Every structure is written in structure tokens, then in C-alpha cells.
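Chemist: This structure is in C-alpha cells; I'll ask about it shortly.
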Amino acid sequence: MPTDEISAAAAGTWTLGDRTVHRMGFGSMRITANPDRNHAIALLRRAVELGVNHIDTAAFYVSPGGTLRVGTGPARYATELIRAALAPYPEELVVVTKVGFGYDPQAGFTEAYTPAQLRAQVEENLRRLGRDQLDVVNLRLGRGPGPVPLVDRFGALAELRAAGLIRHLGLSNVRPEQLDEVAGIAPVVCVQNNYGVDAYREQDAFVKLCGERGIAYVPFFALAGTGREAGASAEQGEAVEAVARVHGVTPHQVRLAWTLHQGPHVLAIPGTSDPTHLEANIAAAALNLTKEDLSLLN
């Protein structure tokens, strides 16, 4: 697929609350891996040049250590790299971050439950991004129910929204019934869960439900699948490979195109630290899959 005229705008748009974004965005988790800060800054600026106006991040995206468990040298926070690359921020740029999880170099990963802990994480994001207000904050839940009910945690973030620190709220790593739990507290503009063409397909019905409620569904690890933080496997599966050959594109582009074909409310946030992969990922915004392609992939 040619990449000389690519644009994230080819994927169309969706509205997160009152903010309109291109459905092809960028995930910032992997930009911390390279010890050269200038590399990440150039990559972020290139993404915006290519039409990306939706960037996903978190204060716990940091190297060395952190989510990727890689790297050497001084700490590199994705949020701070975004600030260095893009502040003062373009009016149309929406930065989506998440709280609930945190990372401490000594203690490792932590989870916030109390209003004070959640506020501290919100303030950390504000500080590292250099913002007075966060565009969208996703409450990222852990694997278990935790010692504090979801409604209490989401309610604490709703109070910060009312105070003007947060514009919109979302949820991450959640089940359908949890949308109903928080329905009367504050609007949920997006759900961010693990989902891909060959991973966690039991969520197909949840994806449809979000569309019916006007909520964006934003899969993470759409490229990596069950590989998660380790990245995409070289083994892409027969169906993905077959569709890629027909269109003369890469399997990764097929995975992203499939993601966007799951509904007009489904957004893609592929992440990479490679400029060539960045352009190829965004080029997938223009890849139209046929009914035959989708039937094979499904």
C-alpha cells in the first residue's frame, strides 16, 4: 500500500463527548523504549503530520521498567514525551490517558482505590502532560473486583470532572454490566478493552452494545493480540495472511482495517516506535475490506 498520501482522516471520525477525532489514532506505550528522546519526539510529530488527532497514553507508560520491562538510562515517560513533542497542543488534538494503575520504580505497579489516590494520579497526568484539564480519562480496572466498588472509584473521578480537571470519562478492562453500574454517575464516552481479529472475540457482543449506546470502543493490542506487551507474533494466521496477499498489504494492516470495520464507533490506537511502521499503520485507515474478506477473517 502506498504511503506518500496517507492520512488518519481516511478512517473517518467519531465523537468523544464533544471532541471529534479521526478513528485512526496512535498508542504511545512503545515510544519510551528507545533511549533517544528525540526519536520519540520526531515520531509523535510525524503522527500528527499524518492526521492523527487522538493519542492514547498513561503516566505508567515509562521506561526503563514500566509496562514494557525494557530500557536503560533515565526515566522516559510517554506523557512527558508527548508534552515535549506537541505542546502547545493543537486545538484539535485529543490526548486520552488512564488512571487506576500507577508505576513506581521501587514498588512496581500499584492500583489506586481511594479518592486521594485517584486524584494524585490525575494530577500526575496533568503535570507530566503540562495540561490544566485532561481531555479523556479512562478508569483502568485490575483483574479482580478490588477492595473498593467501581461506583465509588468512578464517582471520585466524576467529582474531579465536575471540578474541571477532567473533560470526559471512560472505562478500561471492563465487562458490559459495569457500564450499567456507573450509568447514573457520569457519561462514559469510551471503553478500552483487549480485542482483535483473533483475540478476545467473546467481546463481539460488547462491541455492538457500545455502538448501540453511542460509546466508542477502543481496542488495545489490536496488533499484538495475545502477545500483549511483547508485541505481535511473526505468525499471523492463515486468514490474515490470505487477505493480506489479496490486497498486497501487510498482515498488520489487515488487522487494523478489520478493527475499523467492526463499526463506526470503533477506534484504532496502534503503537510503534518505528517511523516506517507508523506510516504503514496509518495507511491502513484507507484499506477497504470486502464482505468476502471479513467472512474469512471472522
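The way I read the labels, and the way they are meant: chains A, B, ... in the order of the C-alpha cells, residue 1 as the first residue of every chain, and ligand 1 as the first ligand shown, with later ones counted on from there.
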Give the alpha helix (DSSP H) residues of segment 127-235 of chain A, as assigned by DSSP on the backbone, as an NGL selection string.

Modeler: :A and (127-129 or 150-162 or 176-181 or 204-212)

Chemist: Excluding segment 132-148 of chain A and residues on its chain fewer than 5 positions from it, collect all residues at most 8 Å away from it, counting only C-alpha atoms, and give them as a PyMOL selection string.

Modeler: chain A and resi 94-101+111+113-114+125-126+153-154+164-174+190-192

Chemist: Please provide as number ranges by chain all residues within 10 Å of Ala42 of chain A, with the sequence filter that same-chain residues fewer than 6 positions apart are discarded (counting only C-alpha atoms).

Modeler: A: 81, 85-86, 275

Chemist: Which polymer residues have any atom within 12 Å of an atom of Thr79 of chain A, counting only C-alpha atoms, with same-chain residues fewer than 2 positions away left out, as an mmCIF file with C-alpha atoms, in the first residue's frame?

Modeler:
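Saved as around-v3.cif:
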data_model
loop_
_atom_site.group_PDB
_atom_site.id
_atom_site.type_symbol
_atom_site.label_atom_id
_atom_site.label_comp_id
_atom_site.auth_asym_id
_atom_site.auth_seq_id
_atom_site.Cartn_x
_atom_site.Cartn_y
_atom_site.Cartn_z
ATOM 1 C CA GLY A 27 -0.903 4.473 21.123
ATOM 2 C CA SER A 28 2.122 5.841 22.966
ATOM 3 C CA MET A 29 3.153 2.880 25.128
ATOM 4 C CA ARG A 30 6.093 1.820 22.950
ATOM 5 C CA ILE A 31 7.681 5.243 22.409
ATOM 6 C CA THR A 32 9.502 5.053 25.748
ATOM 7 C CA ALA A 40 10.109 9.589 20.158
ATOM 8 C CA ILE A 41 9.544 13.317 19.707
ATOM 9 C CA LEU A 44 4.934 11.851 17.629
ATOM 10 C CA ILE A 55 -3.264 9.859 21.176
ATOM 11 C CA ASP A 56 -3.606 7.243 23.907
ATOM 12 C CA THR A 57 -1.230 7.357 26.856
ATOM 13 C CA ALA A 58 -0.805 6.786 30.606
ATOM 14 C CA ALA A 59 1.513 8.087 33.301
ATOM 15 C CA PHE A 60 2.631 4.487 33.920
ATOM 16 C CA TYR A 61 3.969 4.210 30.350
ATOM 17 C CA VAL A 62 7.598 4.630 31.345
ATOM 18 C CA SER A 63 10.982 3.054 30.620
ATOM 19 C CA ALA A 75 13.237 7.557 33.151
ATOM 20 C CA ARG A 76 11.317 8.338 29.969
ATOM 21 C CA TYR A 77 7.587 8.945 30.452
ATOM 22 C CA LEU A 81 7.497 12.904 25.574
ATOM 23 C CA ILE A 82 4.053 13.908 24.266
ATOM 24 C CA ARG A 83 4.403 17.259 26.011
ATOM 25 C CA ALA A 84 7.903 17.801 24.625
ATOM 26 C CA ALA A 85 6.789 16.945 21.106
ATOM 27 C CA LEU A 86 3.412 18.620 20.865
ATOM 28 C CA ALA A 87 2.962 21.394 23.439
ATOM 29 C CA VAL A 95 -4.995 13.076 24.472
ATOM 30 C CA VAL A 96 -6.636 10.163 26.262
ATOM 31 C CA THR A 97 -4.959 8.907 29.417
ATOM 32 C CA LYS A 98 -5.834 6.432 32.132
ATOM 33 C CA GLU A 124 0.426 13.396 37.863
ATOM 34 C CA ASN A 125 -1.025 13.181 34.358
ATOM 35 C CA LEU A 126 -1.797 16.911 34.364
ATOM 36 C CA ARG A 127 1.737 17.700 35.474
ATOM 37 C CA ARG A 128 3.553 15.407 33.077
ATOM 38 C CA LEU A 129 1.383 16.406 30.100
ATOM 39 C CA GLY A 130 1.509 20.100 31.018
ATOM 40 C CA ARG A 131 -2.272 20.461 30.942
ATOM 41 C CA LEU A 134 -7.328 16.195 30.764
#

Chemist: Name the closest residue to Glu238 of chain A among the candidates A:Leu296, A:Cys210, A:Ile282, A:Val52; distances are taken between atoms, counting only C-alpha atoms.

Modeler: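 Ranked by minimum distance to Glu238 of chain A, first place goes to A:Leu296.
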
Chemist: When you draw a straight line from atom CA of Thr272 of chain A to atom CA of Ala33 of chain A, how long is it in Å?

Modeler: 9.8 Å

Chemist: Could you give me, as an MDAnalysis selection string, each residue of segment 29-102 of chain A that DSSP assigns to strand (DSSP E) when run on this structure's backbone?

Modeler: chainID A and resid 54:56 62:63 76:77 94:99 101:102

Chemist: Would you put the residues from that selection into a file with N, CA and C atoms, as a tab-separated table (two decimals), in the first residue's frame?

Modeler:
chain	number	residue	atom	x	y	z
A	54	HIS	N	-5.76	11.81	17.90
A	54	HIS	CA	-6.20	11.03	19.06
A	54	HIS	C	-5.01	10.19	19.51
A	55	ILE	N	-4.43	10.56	20.64
A	55	ILE	CA	-3.26	9.86	21.18
A	55	ILE	C	-3.63	9.25	22.52
A	56	ASP	N	-3.35	7.96	22.66
A	56	ASP	CA	-3.61	7.24	23.91
A	56	ASP	C	-2.32	7.16	24.72
A	62	VAL	N	6.28	4.10	31.04
A	62	VAL	CA	7.60	4.63	31.35
A	62	VAL	C	8.64	3.54	31.14
A	63	SER	N	9.80	3.94	30.69
A	63	SER	CA	10.98	3.05	30.62
A	63	SER	C	12.14	3.81	31.25
A	76	ARG	N	11.95	7.69	31.12
A	76	ARG	CA	11.32	8.34	29.97
A	76	ARG	C	9.81	8.05	30.05
A	77	TYR	N	9.04	9.08	30.34
A	77	TYR	CA	7.59	8.94	30.45
A	77	TYR	C	6.93	9.32	29.12
A	94	VAL	N	-6.68	15.38	20.77
A	94	VAL	CA	-7.28	14.81	21.97
A	94	VAL	C	-6.31	13.79	22.56
A	95	VAL	N	-5.89	14.01	23.78
A	95	VAL	CA	-4.99	13.08	24.47
A	95	VAL	C	-5.82	12.33	25.51
A	96	VAL	N	-5.88	11.02	25.36
A	96	VAL	CA	-6.64	10.16	26.26
A	96	VAL	C	-5.66	9.44	27.18
A	97	THR	N	-5.84	9.59	28.47
A	97	THR	CA	-4.96	8.91	29.42
A	97	THR	C	-5.78	8.00	30.33
A	98	LYS	N	-5.12	7.35	31.25
A	98	LYS	CA	-5.83	6.43	32.13
A	98	LYS	C	-5.25	6.47	33.54
A	99	VAL	N	-6.11	6.21	34.50
A	99	VAL	CA	-5.71	6.12	35.90
A	99	VAL	C	-6.29	4.84	36.46
A	101	PHE	N	-4.20	2.42	37.51
A	101	PHE	CA	-2.89	1.80	37.64
A	101	PHE	C	-1.84	2.91	37.74
A	102	GLY	N	-0.78	2.62	38.46
A	102	GLY	CA	0.36	3.51	38.55
A	102	GLY	C	1.63	2.67	38.58

Chemist: Between atom CA of Gly66 of chain A and atom CA of Ser273 of chain A, what is the distance in Å, rounded to a tenth?

Modeler: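 Result for atom CA of Gly66 of chain A versus atom CA of Ser273 of chain A: 15.9 Å, one decimal.
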
Chemist: Quick one: residues within 12 Å of segment 239-244 of chain A, only C-alpha atoms counted, chain neighbours fewer than 5 positions away excluded, as number ranges by chain?

Modeler: A: 1, 196-198, 223, 234, 249-258, 284, 287-298

Chemist: Just the residues within 12 Å of Asp204 of chain A, please, counting only C-alpha atoms, with nothing from its chain fewer than 2 positions along; format it as number ranges by chain.

Modeler: A: 175-176, 193-202, 206-211, 217, 219, 259, 262-263, 266, 298

Chemist: If you measure from atom CA of Ala286 of chain A to atom CA of Glu91 of chain A, what distance in Å do you get, rounded to one decimal?

Modeler: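 So the answer is 24.6 Å.
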